[in-house]
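S.K.: Quick one, coords.cif (mmCIF, C-alpha atoms):
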data_model
#
loop_
_atom_site.group_PDB
_atom_site.id
_atom_site.type_symbol
_atom_site.label_atom_id
_atom_site.label_comp_id
_atom_site.auth_asym_id
_atom_site.auth_seq_id
_atom_site.Cartn_x
_atom_site.Cartn_y
_atom_site.Cartn_z
ATOM 1 C CA MET A 575 -22.548 -65.154 9.654
ATOM 2 C CA LEU A 576 -19.851 -66.682 7.480
ATOM 3 C CA GLY A 577 -17.051 -68.682 9.047
ATOM 4 C CA ASP A 578 -13.387 -68.317 8.091
ATOM 5 C CA THR A 579 -13.588 -71.496 6.019
ATOM 6 C CA GLU A 580 -16.288 -69.875 3.860
ATOM 7 C CA TYR A 581 -13.985 -67.290 2.332
ATOM 8 C CA LYS A 582 -13.690 -67.982 -1.378
ATOM 9 C CA HIS A 583 -10.096 -68.406 -2.500
ATOM 10 C CA VAL A 584 -9.216 -66.281 -5.518
ATOM 11 C CA PRO A 585 -8.370 -68.711 -8.374
ATOM 12 C CA LYS A 586 -4.672 -68.660 -9.140
ATOM 13 C CA SER A 587 -5.322 -68.022 -12.831
ATOM 14 C CA LEU A 588 -7.278 -64.855 -11.983
ATOM 15 C CA LEU A 589 -4.641 -63.789 -9.496
ATOM 16 C CA ALA A 590 -1.986 -64.109 -12.180
ATOM 17 C CA ASP A 591 -4.051 -61.911 -14.518
ATOM 18 C CA ALA A 592 -4.662 -59.382 -11.748
ATOM 19 C CA LEU A 593 -0.919 -59.020 -11.242
ATOM 20 C CA LYS A 594 -0.616 -58.112 -14.931
ATOM 21 C CA ARG A 595 -3.341 -55.441 -14.818
ATOM 22 C CA GLY A 596 -2.989 -52.645 -17.326
ATOM 23 C CA ALA A 597 -1.061 -52.956 -20.567
ATOM 24 C CA HIS A 598 0.059 -56.518 -19.811
ATOM 25 C CA ALA A 599 -3.436 -58.032 -19.514
ATOM 26 C CA PRO A 600 -6.044 -58.150 -22.314
ATOM 27 C CA VAL A 601 -8.859 -57.837 -19.759
ATOM 28 C CA ASP A 602 -8.776 -56.167 -16.346
ATOM 29 C CA PRO A 603 -10.118 -58.890 -14.010
ATOM 30 C CA LEU A 604 -10.689 -56.471 -11.135
ATOM 31 C CA LEU A 605 -12.798 -54.178 -13.297
ATOM 32 C CA CYS A 606 -14.848 -57.118 -14.571
ATOM 33 C CA ALA A 607 -15.358 -58.492 -11.063
ATOM 34 C CA TYR A 608 -16.665 -55.199 -9.713
ATOM 35 C CA GLN A 609 -18.841 -54.617 -12.775
ATOM 36 C CA TYR A 610 -20.536 -57.987 -12.337
ATOM 37 C CA LEU A 611 -20.833 -57.594 -8.554
ATOM 38 C CA PHE A 612 -22.349 -54.105 -8.746
ATOM 39 C CA GLU A 613 -24.837 -55.254 -11.374
ATOM 40 C CA ARG A 614 -25.859 -58.252 -9.278
ATOM 41 C CA LEU A 615 -26.378 -56.061 -6.211
ATOM 42 C CA ALA A 616 -28.063 -53.267 -8.224
ATOM 43 C CA LEU A 617 -25.655 -50.678 -6.840
ATOM 44 C CA PRO A 618 -26.256 -47.142 -8.143
ATOM 45 C CA ARG A 619 -22.953 -45.657 -9.357
ATOM 46 C CA THR A 620 -23.450 -42.283 -7.695
ATOM 47 C CA GLY A 621 -20.256 -41.989 -5.702
ATOM 48 C CA VAL A 622 -17.386 -43.842 -4.080
ATOM 49 C CA LEU A 623 -15.552 -42.931 -0.901
ATOM 50 C CA HIS A 624 -12.174 -44.688 -0.881
ATOM 51 C CA LEU A 625 -10.152 -44.699 2.344
ATOM 52 C CA GLY A 626 -6.534 -45.670 1.791
ATOM 53 C CA GLY A 627 -6.384 -44.348 -1.761
ATOM 54 C CA HIS A 628 -2.558 -44.611 -1.852
ATOM 55 C CA ILE A 629 -1.509 -43.205 -5.260
ATOM 56 C CA GLY A 630 -4.916 -43.488 -6.915
ATOM 57 C CA GLN A 631 -4.470 -46.740 -8.828
ATOM 58 C CA GLU A 632 -8.227 -47.379 -8.819
ATOM 59 C CA LEU A 633 -9.274 -44.049 -10.336
ATOM 60 C CA PRO A 634 -9.364 -45.382 -13.936
ATOM 61 C CA MET A 635 -11.518 -48.272 -12.730
ATOM 62 C CA TYR A 636 -13.955 -45.933 -10.978
ATOM 63 C CA ALA A 637 -14.196 -43.867 -14.151
ATOM 64 C CA ALA A 638 -14.888 -47.009 -16.199
ATOM 65 C CA LEU A 639 -17.536 -48.132 -13.694
ATOM 66 C CA GLY A 640 -19.347 -44.829 -14.145
ATOM 67 C CA PHE A 641 -19.069 -43.274 -10.684
ATOM 68 C CA ARG A 642 -19.865 -39.555 -10.815
ATOM 69 C CA ARG A 643 -18.333 -38.579 -7.465
ATOM 70 C CA VAL A 644 -15.039 -40.019 -6.229
ATOM 71 C CA VAL A 645 -13.249 -39.080 -3.006
ATOM 72 C CA MET A 646 -9.828 -40.628 -2.380
ATOM 73 C CA VAL A 647 -8.246 -40.341 1.071
ATOM 74 C CA GLU A 648 -4.529 -40.878 1.798
ATOM 75 C CA PRO A 649 -2.473 -39.708 4.826
ATOM 76 C CA LEU A 650 1.095 -40.084 3.490
ATOM 77 C CA ASP A 651 2.479 -36.935 1.897
ATOM 78 C CA ARG A 652 4.511 -38.408 -0.991
ATOM 79 C CA GLU A 653 1.768 -40.826 -1.957
ATOM 80 C CA PHE A 654 -0.834 -38.082 -1.641
ATOM 81 C CA ALA A 655 1.091 -35.933 -4.131
ATOM 82 C CA GLN A 656 0.841 -38.725 -6.724
ATOM 83 C CA LEU A 657 -2.809 -39.288 -5.856
ATOM 84 C CA LYS A 658 -3.571 -35.594 -6.308
ATOM 85 C CA ARG A 659 -2.022 -35.599 -9.784
ATOM 86 C CA ARG A 660 -4.227 -38.521 -10.777
ATOM 87 C CA VAL A 661 -7.306 -36.841 -9.337
ATOM 88 C CA ASP A 662 -6.516 -33.720 -11.361
ATOM 89 C CA ALA A 663 -6.137 -35.875 -14.482
ATOM 90 C CA PHE A 664 -9.484 -37.566 -13.752
ATOM 91 C CA ASN A 665 -11.216 -34.194 -13.545
ATOM 92 C CA ALA A 666 -9.453 -32.851 -16.631
ATOM 93 C CA THR A 667 -10.578 -35.857 -18.690
ATOM 94 C CA CYS A 668 -13.959 -36.982 -17.349
ATOM 95 C CA GLY A 669 -15.484 -33.521 -17.012
ATOM 96 C CA PRO A 670 -15.027 -32.543 -20.679
ATOM 97 C CA ILE A 671 -16.262 -35.979 -21.783
ATOM 98 C CA ALA A 672 -19.480 -35.441 -19.830
ATOM 99 C CA ASP A 673 -19.858 -31.990 -21.373
ATOM 100 C CA PHE A 674 -19.290 -33.386 -24.856
ATOM 101 C CA ILE A 675 -22.045 -36.004 -24.543
ATOM 102 C CA ASN A 676 -24.352 -33.627 -22.635
ATOM 103 C CA ASP A 677 -24.317 -35.708 -19.465
ATOM 104 C CA PRO A 678 -26.288 -33.763 -16.833
ATOM 105 C CA VAL A 679 -23.998 -34.911 -13.988
ATOM 106 C CA ARG A 680 -20.397 -33.832 -14.472
ATOM 107 C CA PRO A 681 -17.996 -36.380 -12.881
ATOM 108 C CA ARG A 682 -15.739 -34.995 -10.193
ATOM 109 C CA ALA A 683 -13.000 -36.426 -7.994
ATOM 110 C CA HIS A 684 -11.425 -34.982 -4.867
ATOM 111 C CA ALA A 685 -8.385 -35.959 -2.776
ATOM 112 C CA VAL A 686 -8.061 -35.520 0.997
ATOM 113 C CA ARG A 687 -4.834 -35.956 2.960
ATOM 114 C CA CYS A 688 -5.622 -37.541 6.323
ATOM 115 C CA ALA A 689 -6.080 -40.789 8.189
ATOM 116 C CA VAL A 690 -9.613 -41.788 9.207
ATOM 117 C CA ALA A 691 -10.568 -43.111 12.636
ATOM 118 C CA ASP A 692 -13.106 -42.661 15.431
ATOM 119 C CA ARG A 693 -11.463 -39.440 16.653
ATOM 120 C CA ALA A 694 -10.084 -36.374 14.904
ATOM 121 C CA GLY A 695 -6.732 -34.701 15.538
ATOM 122 C CA GLU A 696 -3.071 -35.478 15.003
ATOM 123 C CA VAL A 697 -2.278 -39.177 15.413
ATOM 124 C CA SER A 698 0.656 -41.576 15.295
ATOM 125 C CA PHE A 699 0.825 -43.502 12.036
ATOM 126 C CA CYS A 700 3.051 -46.448 11.113
ATOM 127 C CA ARG A 701 4.697 -45.800 7.765
ATOM 128 C CA THR A 702 6.139 -49.041 6.390
ATOM 129 C CA HIS A 703 8.982 -49.297 3.889
ATOM 130 C CA MET A 704 6.349 -50.704 1.519
ATOM 131 C CA SER A 705 4.015 -47.747 1.823
ATOM 132 C CA SER A 706 0.794 -49.527 0.809
ATOM 133 C CA LEU A 707 1.017 -51.507 4.072
ATOM 134 C CA SER A 708 1.175 -48.388 6.276
ATOM 135 C CA SER A 709 -1.485 -48.113 8.958
ATOM 136 C CA LEU A 710 -2.795 -46.488 12.102
ATOM 137 C CA SER A 711 -2.370 -49.956 13.599
ATOM 138 C CA ARG A 712 1.050 -51.303 14.493
ATOM 139 C CA PRO A 713 2.222 -54.035 12.061
ATOM 140 C CA VAL A 714 3.298 -57.520 13.132
ATOM 141 C CA PRO A 715 6.241 -57.919 10.683
ATOM 142 C CA GLU A 716 6.715 -61.682 10.922
ATOM 143 C CA ASN A 717 3.142 -62.369 9.816
ATOM 144 C CA PHE A 718 3.327 -60.620 6.465
ATOM 145 C CA ALA A 719 5.026 -63.357 4.437
ATOM 146 C CA GLU A 720 1.848 -65.454 4.679
ATOM 147 C CA GLN A 721 0.020 -63.273 2.179
ATOM 148 C CA TRP A 722 2.259 -64.680 -0.585
ATOM 149 C CA ARG A 723 1.440 -68.270 0.246
ATOM 150 C CA ASP A 724 -0.974 -68.403 -2.700
ATOM 151 C CA ALA A 725 1.413 -66.952 -5.285
ATOM 152 C CA PRO A 726 0.226 -67.409 -8.899
ATOM 153 C CA PRO A 727 1.450 -70.454 -10.821
ATOM 154 C CA MET A 728 4.104 -68.870 -13.025
ATOM 155 C CA PRO A 729 7.906 -68.875 -12.912
ATOM 156 C CA TRP A 730 9.347 -65.969 -10.959
ATOM 157 C CA TYR A 731 11.187 -64.654 -14.026
ATOM 158 C CA LYS A 732 7.877 -64.230 -15.906
ATOM 159 C CA ARG A 733 6.148 -62.265 -13.174
ATOM 160 C CA PRO A 734 5.799 -58.482 -13.473
ATOM 161 C CA VAL A 735 8.558 -56.358 -11.974
ATOM 162 C CA GLY A 736 6.053 -54.875 -9.522
ATOM 163 C CA TRP A 737 5.266 -58.344 -8.177
ATOM 164 C CA LEU A 738 8.948 -59.131 -7.682
ATOM 165 C CA THR A 739 9.486 -55.900 -5.768
ATOM 166 C CA THR A 740 6.432 -56.468 -3.594
ATOM 167 C CA ALA A 741 7.291 -60.106 -2.896
ATOM 168 C CA TRP A 742 10.851 -59.242 -1.904
ATOM 169 C CA GLN A 743 9.776 -56.397 0.355
ATOM 170 C CA THR A 744 7.100 -58.504 2.009
ATOM 171 C CA ALA A 745 9.271 -61.575 2.469
ATOM 172 C CA THR A 746 11.945 -59.547 4.221
ATOM 173 C CA ALA A 747 11.295 -58.204 7.703
ATOM 174 C CA LEU A 748 8.738 -55.426 7.408
ATOM 175 C CA LYS A 749 10.273 -52.161 8.572
ATOM 176 C CA PHE A 750 8.275 -49.189 9.756
ATOM 177 C CA GLU A 751 8.581 -45.843 11.480
ATOM 178 C CA GLU A 752 6.011 -43.891 13.452
ATOM 179 C CA ILE A 753 5.103 -40.468 12.098
ATOM 180 C CA LYS A 754 2.407 -37.906 12.855
ATOM 181 C CA VAL A 755 -0.451 -37.364 10.392
ATOM 182 C CA PRO A 756 -3.759 -35.466 10.495
ATOM 183 C CA CYS A 757 -6.821 -37.585 11.218
ATOM 184 C CA LYS A 758 -10.557 -37.057 10.717
ATOM 185 C CA THR A 759 -13.638 -39.057 11.509
ATOM 186 C CA LEU A 760 -15.539 -40.416 8.538
ATOM 187 C CA ASP A 761 -18.472 -38.107 9.265
ATOM 188 C CA GLY A 762 -16.157 -35.129 9.723
ATOM 189 C CA LEU A 763 -14.405 -35.900 6.453
ATOM 190 C CA VAL A 764 -17.682 -35.972 4.527
ATOM 191 C CA ASP A 765 -18.986 -32.832 6.248
ATOM 192 C CA GLU A 766 -15.855 -30.909 5.207
ATOM 193 C CA LEU A 767 -15.916 -31.868 1.523
ATOM 194 C CA PRO A 768 -16.133 -28.940 -0.897
ATOM 195 C CA HIS A 769 -19.304 -27.696 -2.535
ATOM 196 C CA GLY A 770 -20.698 -30.251 -4.960
ATOM 197 C CA PHE A 771 -20.188 -33.271 -2.699
ATOM 198 C CA ARG A 772 -22.947 -34.528 -0.395
ATOM 199 C CA ALA A 773 -23.147 -37.463 1.994
ATOM 200 C CA SER A 774 -26.020 -38.855 -0.070
ATOM 201 C CA ASP A 775 -23.702 -39.054 -3.110
ATOM 202 C CA PHE A 776 -21.767 -41.995 -1.718
ATOM 203 C CA SER A 777 -23.325 -45.356 -2.442
ATOM 204 C CA TYR A 778 -20.038 -47.257 -2.141
ATOM 205 C CA LEU A 779 -17.456 -47.181 0.658
ATOM 206 C CA ARG A 780 -14.155 -48.901 0.034
ATOM 207 C CA MET A 781 -11.534 -49.251 2.747
ATOM 208 C CA ASN A 782 -7.959 -50.358 2.297
ATOM 209 C CA ILE A 783 -6.488 -49.037 5.536
ATOM 210 C CA GLN A 784 -4.715 -52.084 6.902
ATOM 211 C CA GLY A 785 -6.385 -53.028 10.164
ATOM 212 C CA ALA A 786 -7.916 -49.616 10.965
ATOM 213 C CA GLU A 787 -11.249 -50.238 9.212
ATOM 214 C CA LEU A 788 -13.320 -50.722 12.370
ATOM 215 C CA ARG A 789 -12.085 -47.446 13.860
ATOM 216 C CA ALA A 790 -13.052 -45.636 10.658
ATOM 217 C CA LEU A 791 -16.533 -47.155 10.681
ATOM 218 C CA GLN A 792 -17.035 -46.191 14.325
ATOM 219 C CA GLY A 793 -16.647 -42.545 13.348
ATOM 220 C CA GLY A 794 -19.130 -42.701 10.477
ATOM 221 C CA ALA A 795 -22.618 -43.133 11.930
ATOM 222 C CA GLN A 796 -24.190 -40.494 9.675
ATOM 223 C CA THR A 797 -22.292 -41.457 6.531
ATOM 224 C CA LEU A 798 -23.218 -45.125 6.904
ATOM 225 C CA ARG A 799 -26.897 -44.212 6.672
ATOM 226 C CA HIS A 800 -26.344 -43.286 3.017
ATOM 227 C CA VAL A 801 -23.887 -45.993 1.929
ATOM 228 C CA ARG A 802 -25.319 -49.019 0.127
ATOM 229 C CA LEU A 803 -22.222 -51.200 -0.200
ATOM 230 C CA ILE A 804 -19.054 -51.513 1.918
ATOM 231 C CA ASP A 805 -15.917 -53.267 0.693
ATOM 232 C CA LEU A 806 -13.182 -53.721 3.288
ATOM 233 C CA GLU A 807 -10.067 -55.717 4.029
ATOM 234 C CA THR A 808 -9.849 -58.011 7.015
ATOM 235 C CA ASN A 809 -6.854 -59.817 8.436
ATOM 236 C CA ILE A 810 -7.355 -63.572 8.600
ATOM 237 C CA SER A 811 -3.861 -63.820 10.033
ATOM 238 C CA GLN A 812 -2.892 -61.171 12.574
ATOM 239 C CA ARG A 813 -0.905 -58.802 10.359
ATOM 240 C CA TYR A 814 -1.590 -55.809 12.628
ATOM 241 C CA GLU A 815 -1.882 -55.544 16.382
ATOM 242 C CA GLU A 816 -5.485 -55.545 17.620
ATOM 243 C CA ALA A 817 -6.800 -55.911 14.079
ATOM 244 C CA PRO A 818 -10.590 -56.410 14.059
ATOM 245 C CA THR A 819 -12.144 -59.738 13.128
ATOM 246 C CA ARG A 820 -15.006 -60.376 10.780
ATOM 247 C CA GLN A 821 -17.242 -60.875 13.802
ATOM 248 C CA ASP A 822 -16.383 -57.322 14.918
ATOM 249 C CA PHE A 823 -17.510 -55.968 11.551
ATOM 250 C CA ASP A 824 -20.659 -58.095 11.576
ATOM 251 C CA ARG A 825 -21.678 -56.797 14.997
ATOM 252 C CA LEU A 826 -21.140 -53.145 14.126
ATOM 253 C CA LEU A 827 -22.569 -53.149 10.614
ATOM 254 C CA SER A 828 -25.641 -55.232 11.401
ATOM 255 C CA GLY A 829 -26.814 -52.271 13.467
ATOM 256 C CA TYR A 830 -26.964 -50.245 10.251
ATOM 257 C CA GLY A 831 -28.772 -52.954 8.304
ATOM 258 C CA PHE A 832 -25.709 -54.430 6.564
ATOM 259 C CA SER A 833 -24.947 -58.098 6.071
ATOM 260 C CA CYS A 834 -21.957 -59.804 4.484
ATOM 261 C CA VAL A 835 -22.815 -60.923 0.952
ATOM 262 C CA PHE A 836 -19.397 -61.953 -0.331
ATOM 263 C CA ALA A 837 -16.049 -62.898 1.187
ATOM 264 C CA TYR A 838 -12.801 -63.855 -0.496
ATOM 265 C CA ARG A 839 -9.188 -64.286 0.493
ATOM 266 C CA ILE A 840 -5.629 -64.329 -0.789
ATOM 267 C CA GLY A 841 -3.496 -66.096 1.788
ATOM 268 C CA GLY A 842 -3.840 -64.359 5.145
ATOM 269 C CA LEU A 843 -5.655 -61.346 3.704
ATOM 270 C CA GLY A 844 -9.421 -61.349 3.284
ATOM 271 C CA ASN A 845 -11.970 -59.012 1.747
ATOM 272 C CA LEU A 846 -15.549 -58.630 2.944
ATOM 273 C CA VAL A 847 -18.402 -57.053 1.013
ATOM 274 C CA TYR A 848 -21.394 -55.819 3.018
ATOM 275 C CA ALA A 849 -24.693 -54.750 1.454
ATOM 276 C CA ARG A 850 -27.457 -52.810 3.152
ATOM 277 C CA SER A 851 -30.896 -54.380 3.076
ATOM 278 C CA THR A 852 -33.826 -52.704 1.351
ATOM 279 C CA ALA A 853 -35.678 -52.547 4.660
ATOM 280 C CA ALA A 854 -32.779 -50.655 6.251
ATOM 281 C CA GLU A 855 -32.724 -48.170 3.367
ATOM 282 C CA GLN A 856 -36.412 -47.431 3.827
ATOM 283 C CA ALA A 857 -36.173 -47.029 7.613
#
Can you present the structure in this file as structure tokens?

M.R.:
Amino acid sequence: MLGDTEYKHVPKSLLADALKRGAHAPVDPLLCAYQYLFERLALPRTGVLHLGGHIGQELPMYAALGFRRVVMVEPLDREFAQLKRRVDAFNATCGPIADFINDPVRPRAHAVRCAVADRAGEVSFCRTHMSSLSSLSRPVPENFAEQWRDAPPMPWYKRPVGWLTTAWQTATALKFEEIKVPCKTLDGLVDELPHGFRASDFSYLRMNIQGAELRALQGGAQTLRHVRLIDLETNISQRYEEAPTRQDFDRLLSGYGFSCVFAYRIGGLGNLVYARSTAAEQA
């Protein structure tokens, strides 16, 4: 088990490049990092299940990484509308490309509007004024400024507009309101996917759901038997009430044959990558 001091700090030079992703950066560092990591762990690019898909920013990366099935899940209605448009664009582009090169597996993406937890039904959800920080868990506003402690080494006036907006919103008191959203368990979500999606498609589970990751995993016993790699956020500082610790994830996931193979952090926010052992896959 890794201790908190064994999180790798993201180098500030890479963080600066990551903030310029897209047209402003010659190379996408996030895409490169995942490409190298997936190759090292021999992850088959069959499918990705992304909880907390927000507006679908990662869809181009999943296409570039070669995933054939992509499911993006987002509970907020306005953000889901943007996500759905990107999913439609993914299908309109990647499908014809596969047909053109005679690829036997036509890529397909699907969007689902719901939260994910250990129980299904209508639930209270904390929508923050910076929507990417919204969560089933109640935020602790005063703890959010810590995530900008490791800001990249560049003058503020040279940073992308998106960074300035995010930094200002985070540095000010985080505001949120409680709303009602539909919720599914992870297993229920997968069971209800349309024809053409199977639980065995998903080799990679990514969660960006702000402190609700453990609750999602607790509702996914069947799905976790197919997943090979799990990538989740963890709060090193208590950004959300009753947020799970890395030890909580270790205890739960070890029962499915997973162990933590990589951990990194940016300020008070950490990411953990869990891989399932070969022995567990054969069991």

S.K.: Which residues would end up in the selection if the PyMOL selection byres ((chain A and resi 759) around 9) were applied here, given that I need the answer as a list in words?

M.R.: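 Applied to this file, the PyMOL selection byres ((chain A and resi 759) around 9) selects Ala689, Val690, Ala691, Asp692, Arg693, Ala694, Cys757, Lys758, Leu760, Asp761, Gly762, Leu763, Val764, Arg789, Ala790, Leu791, Gln792, Gly793 and Gly794 of chain A.
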
S.K.: Step by step, work through what the PyMOL selection byres ((chain A and resi 701) around 7) selects in the shown file, and finish by giving those residues as a PyMOL selection string.

M.R.: chain A and resi 699-700+702-703+705+708-709+750-753

S.K.: Only C-alpha atoms, please: the residues just picked out, written as a compact mmCIF listing (two decimals), keeping the file's coordinate frame.

M.R.:
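The result, stored in selection.txt:
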# COMPACT_ATOMS: atom_id res chain seq x y z
CA PHE A 699 0.82 -43.50 12.04
CA CYS A 700 3.05 -46.45 11.11
CA THR A 702 6.14 -49.04 6.39
CA HIS A 703 8.98 -49.30 3.89
CA SER A 705 4.01 -47.75 1.82
CA SER A 708 1.18 -48.39 6.28
CA SER A 709 -1.48 -48.11 8.96
CA PHE A 750 8.28 -49.19 9.76
CA GLU A 751 8.58 -45.84 11.48
CA GLU A 752 6.01 -43.89 13.45
CA ILE A 753 5.10 -40.47 12.10

S.K.: What do you get, as a list in words, if you spell out every residue that the PyMOL selection byres ((chain A and resi 780) around 6) selects here?

M.R.: His624, Leu779, Met781, Ile804, Asp805 and Leu806 of chain A

S.K.: Pick from A:Glu807, A:Asp602, A:Asp775, A:Glu787: nearest to Leu588 (chain A), with all atoms listed in the file counted?

M.R.: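 So, comparing all the options, the nearest one is A:Asp602.
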
S.K.: Just want the 10 Å neighbourhood of Glu648 (chain A), counted on all atoms listed in the file, with same-chain residues fewer than 5 positions away dropped. Output as a PyMOL selection string.

M.R.: chain A and resi 624-630+653-655+657-658+685-690+783

S.K.: Take CA of Phe776 (chain A) and CA of Arg680 (chain A) and report the distance between them in Å, one decimal.

M.R.: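 CA of Arg680 (chain A) lies at a distance of 15.2 Å from CA of Phe776 (chain A).
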
S.K.: Rank A:His800, A:Leu710, A:Glu766, A:Ser851 by their smallest atom-to-atom distance to Asn782 (chain A), using only C-alpha atoms, and report the top residue only.

M.R.: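 Ranked by minimum distance to Asn782 (chain A), first place goes to A:Leu710.
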